[in-house]
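*Asks:* Contents of entry_13.cif (mmCIF, C-alpha atoms) are given next:
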```cif
data_my_file
#
loop_
_atom_site.label_atom_id
_atom_site.label_comp_id
_atom_site.auth_asym_id
_atom_site.auth_seq_id
_atom_site.Cartn_x
_atom_site.Cartn_y
_atom_site.Cartn_z
CA MET A 852 0.73 9.89 -78.43
CA THR A 853 2.05 6.77 -76.70
CA THR A 854 3.90 4.08 -78.60
CA ARG A 855 4.80 0.60 -77.52
CA ASN A 856 8.47 1.66 -77.38
CA GLN A 857 7.69 4.43 -74.89
CA GLN A 858 6.04 1.95 -72.56
CA ALA A 859 8.83 -0.63 -72.89
CA ILE A 860 11.45 1.50 -71.12
CA ALA A 861 11.24 1.91 -67.35
CA PRO A 862 11.87 5.49 -66.20
CA SER A 863 14.63 4.34 -63.84
CA THR A 864 16.37 2.55 -66.71
CA ALA A 865 16.10 5.64 -68.88
CA VAL A 866 17.51 7.83 -66.09
CA GLU A 867 20.54 5.59 -65.59
CA SER A 868 21.13 5.30 -69.33
CA LEU A 869 20.97 9.06 -69.77
CA ARG A 870 23.15 9.69 -66.69
CA THR A 871 25.80 7.31 -68.09
CA ALA A 872 25.73 8.88 -71.56
CA LEU A 873 25.93 12.39 -70.14
CA ALA A 874 28.83 11.43 -67.86
CA ALA A 875 30.71 10.08 -70.88
CA ALA A 876 30.34 13.56 -72.40
CA GLY A 877 31.45 15.20 -69.14
CA ILE A 878 27.97 16.51 -68.35
CA VAL A 879 26.10 16.23 -65.05
CA LEU A 880 22.41 17.08 -64.67
CA PRO A 881 22.10 17.33 -60.87
CA SER A 882 18.31 17.04 -60.84
CA LEU A 883 18.06 14.09 -63.25
CA ALA A 884 15.62 11.64 -61.67
CA VAL A 885 12.43 9.66 -62.11
CA ASP A 886 9.44 12.00 -61.78
CA THR A 887 7.63 10.69 -58.71
CA ALA A 888 4.85 13.27 -58.95
CA SER A 889 3.16 11.41 -61.83
CA PRO A 890 4.13 7.74 -61.58
CA HIS A 891 1.39 6.63 -63.97
CA LEU A 892 2.99 8.71 -66.75
CA GLY A 893 6.47 7.24 -66.30
CA LEU A 894 8.24 10.56 -66.81
CA VAL A 895 11.88 11.50 -66.36
CA GLU A 896 12.68 14.80 -64.62
CA LEU A 897 15.61 16.55 -66.28
CA GLY A 898 15.61 19.46 -63.83
CA ARG A 899 17.41 22.77 -64.01
CA VAL A 900 21.04 23.42 -64.91
CA ARG A 901 23.46 26.32 -65.04
CA PRO A 902 23.82 28.06 -68.42
CA ASP A 903 27.30 26.58 -68.97
CA VAL A 904 25.93 23.06 -68.51
CA ALA A 905 23.09 23.79 -70.94
CA ALA A 906 25.66 25.03 -73.47
CA GLN A 907 27.74 21.85 -72.92
CA LEU A 908 24.66 19.72 -73.51
CA ALA A 909 23.81 21.63 -76.69
CA ALA A 910 27.37 21.22 -77.97
CA ALA A 911 27.34 17.48 -77.23
CA LEU A 912 24.07 17.07 -79.13
CA ARG A 913 25.38 19.11 -82.06
CA ASP A 914 28.55 16.99 -82.14
CA GLY A 915 26.60 13.76 -82.03
CA GLY A 916 27.69 13.02 -78.48
CA ARG A 917 31.39 13.40 -79.19
CA ALA A 918 32.81 15.66 -76.50
#
```
Reformat the file's structure so that it appears as structure tokens.

*Replies:*
Amino acid sequence: MTTRNQQAIAPSTAVESLRTALAAAGIVLPSLAVDTASPHLGLVELGRVRPDVAAQLAAALRDGGRA
């Protein structure tokens, strides 16, 4: 299911926006990048993280981004 909103955001813009928001919460996803394997899909690669980083991310989401 593709909506107009999904197509309106460039993957590189989404990556930088997410990187900035995560940094504000003290979280770094080292593998966060534009997925170059499927450029026609415009995907963002979140990558792998250590368990403590995953727990930090979960806590930030639960708290509404307030770290």

*Asks:* Which one of A:Val900, A:Ile860, A:Ala865, A:Ala906 sits closest to Leu880 in chain A if you count all atoms listed in the file?

*Replies:*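 With all atoms listed in the file as the atom set, the closest residue is A:Val900.
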
*Asks:* Show me, as a PyMOL selection string, the residues that have an atom within 9 Å of range 869-874 of chain A when counting only C-alpha atoms, minus same-chain residues fewer than 5 positions from it.

*Replies:* chain A and resi 864+879-880+883+908+911+916

*Asks:* List the spatial neighbours of Val895 in chain A as a PyMOL selection string - criterion: any atom at most 8 Å away, all atoms listed in the file, same-chain residues fewer than 4 positions off excluded.

*Replies:* chain A and resi 862+865-866+883-886

*Asks:* Just write the chosen residues, C-alpha atoms, as a PDB file, keeping the file's coordinate frame.

*Replies:*
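Dumped to again.pdb:
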```pdb
ATOM      1  CA  PRO A 862      11.870   5.490 -66.200  1.00  0.00           C
ATOM      2  CA  ALA A 865      16.100   5.640 -68.880  1.00  0.00           C
ATOM      3  CA  VAL A 866      17.510   7.830 -66.090  1.00  0.00           C
ATOM      4  CA  LEU A 883      18.060  14.090 -63.250  1.00  0.00           C
ATOM      5  CA  ALA A 884      15.620  11.640 -61.670  1.00  0.00           C
ATOM      6  CA  VAL A 885      12.430   9.660 -62.110  1.00  0.00           C
ATOM      7  CA  ASP A 886       9.440  12.000 -61.780  1.00  0.00           C
TER       8      ASP A 886
END
```

*Asks:* May I ask for the distance between CA of Ala875 in chain A and CA of Ser889 in chain A, given in Å to one decimal place?

*Replies:* 29.0 Å

*Asks:* List every protein, DNA or RNA residue that has an atom no more than 6 Å from (19.3, 20.4, -64.5) in the file's coordinate frame, counting only C-alpha atoms, and report them as a PyMOL selection string.

*Replies:* chain A and resi 880-882+897-900

*Asks:* Could you tell me how far CA of Ser868 in chain A sits from CA of Asp914 in chain A, in Å to one decimal place?

*Replies:*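 Straight-line distance from CA of Asp914 in chain A to CA of Ser868 in chain A works out to 18.9 Å.
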
*Asks:* Calculate how many Å separate CA of Ser863 in chain A from CA of Gly893 in chain A, rounding to one decimal.

*Replies:* 9.0 Å

*Asks:* Build an axis-aligned box that encloses every atom of range 898-915 of chain A listed in the file, pad it by 3 Å on each side, and report its centre and edge lengths in Å to one decimal, as JSON.

*Replies:*
```
{"center_x": 22.1, "center_y": 20.9, "center_z": -73.0, "size_x": 18.9, "size_y": 20.3, "size_z": 24.3}
```

*Asks:* With only C-alpha atoms as the basis for distance, which of A:Leu894, A:Ala876, A:Ala888, A:Ala861 is at the shortest distance from Gly915 in chain A?

*Replies:*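 When distances to Gly915 in chain A are compared using only C-alpha atoms, the smallest one comes from A:Ala876.
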
*Asks:* Ranking A:Pro890, A:Gln907, A:Ala859, A:Leu912 by minimum distance to Gly877 in chain A and counting all atoms listed in the file, which one comes first?

*Replies:*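 Checking each candidate against Gly877 in chain A, we get A:Gln907 as the closest.
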
*Asks:* Please, could all heavy atoms be added to range 877-888 of chain A and the result written as a short mmCIF file (atom, residue, chain, number, x, y, z; two decimals), keeping the file's coordinate frame?

*Replies:*
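Output contents, as saved in out03.cif:
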```cif
data_model
loop_
_atom_site.label_atom_id
_atom_site.label_comp_id
_atom_site.auth_asym_id
_atom_site.auth_seq_id
_atom_site.Cartn_x
_atom_site.Cartn_y
_atom_site.Cartn_z
N GLY A 877 31.00 14.25 -70.15
CA GLY A 877 31.45 15.20 -69.14
C GLY A 877 30.36 16.14 -68.64
O GLY A 877 30.64 17.24 -68.19
N ILE A 878 29.12 15.68 -68.73
CA ILE A 878 27.97 16.51 -68.35
C ILE A 878 27.24 15.87 -67.18
O ILE A 878 26.98 14.67 -67.18
CB ILE A 878 27.01 16.69 -69.54
CG1 ILE A 878 27.72 17.36 -70.71
CG2 ILE A 878 25.76 17.47 -69.14
CD1 ILE A 878 26.95 17.34 -72.00
N VAL A 879 26.88 16.70 -66.20
CA VAL A 879 26.10 16.23 -65.05
C VAL A 879 24.84 17.08 -64.95
O VAL A 879 24.90 18.30 -64.91
CB VAL A 879 26.91 16.36 -63.74
CG1 VAL A 879 26.05 15.99 -62.54
CG2 VAL A 879 28.15 15.49 -63.79
N LEU A 880 23.68 16.42 -64.95
CA LEU A 880 22.41 17.08 -64.67
C LEU A 880 22.05 16.73 -63.23
O LEU A 880 21.58 15.62 -62.96
CB LEU A 880 21.31 16.61 -65.63
CG LEU A 880 21.51 16.90 -67.11
CD1 LEU A 880 20.30 16.40 -67.91
CD2 LEU A 880 21.74 18.37 -67.37
N PRO A 881 22.28 17.64 -62.28
CA PRO A 881 22.10 17.33 -60.87
C PRO A 881 20.69 16.89 -60.49
O PRO A 881 20.52 16.11 -59.56
CB PRO A 881 22.46 18.62 -60.14
CG PRO A 881 23.13 19.48 -61.14
CD PRO A 881 22.73 19.02 -62.49
N SER A 882 19.69 17.35 -61.20
CA SER A 882 18.31 17.04 -60.84
C SER A 882 17.73 15.88 -61.64
O SER A 882 16.53 15.60 -61.55
CB SER A 882 17.43 18.28 -61.04
OG SER A 882 17.90 19.34 -60.24
N LEU A 883 18.54 15.21 -62.44
CA LEU A 883 18.06 14.09 -63.25
C LEU A 883 17.53 12.99 -62.34
O LEU A 883 18.24 12.49 -61.47
CB LEU A 883 19.21 13.54 -64.11
CG LEU A 883 18.90 12.36 -65.01
CD1 LEU A 883 17.82 12.72 -66.04
CD2 LEU A 883 20.17 11.89 -65.70
N ALA A 884 16.25 12.64 -62.53
CA ALA A 884 15.62 11.64 -61.67
C ALA A 884 14.31 11.17 -62.29
O ALA A 884 13.79 11.78 -63.23
CB ALA A 884 15.32 12.24 -60.29
N VAL A 885 13.77 10.11 -61.74
CA VAL A 885 12.43 9.66 -62.11
C VAL A 885 11.45 10.65 -61.50
O VAL A 885 11.59 11.05 -60.33
CB VAL A 885 12.15 8.24 -61.59
CG1 VAL A 885 10.71 7.84 -61.82
CG2 VAL A 885 13.11 7.24 -62.24
N ASP A 886 10.47 11.08 -62.27
CA ASP A 886 9.44 12.00 -61.78
C ASP A 886 8.45 11.22 -60.93
O ASP A 886 7.66 10.43 -61.44
CB ASP A 886 8.73 12.66 -62.96
CG ASP A 886 7.63 13.62 -62.55
OD1 ASP A 886 7.48 13.89 -61.35
OD2 ASP A 886 6.92 14.10 -63.45
N THR A 887 8.52 11.42 -59.62
CA THR A 887 7.63 10.69 -58.71
C THR A 887 6.27 11.35 -58.55
O THR A 887 5.36 10.77 -57.96
CB THR A 887 8.29 10.54 -57.32
OG1 THR A 887 8.61 11.84 -56.82
CG2 THR A 887 9.56 9.70 -57.42
N ALA A 888 6.11 12.56 -59.09
CA ALA A 888 4.85 13.27 -58.95
C ALA A 888 3.75 12.66 -59.82
O ALA A 888 2.57 12.78 -59.51
CB ALA A 888 5.02 14.74 -59.29
#
```
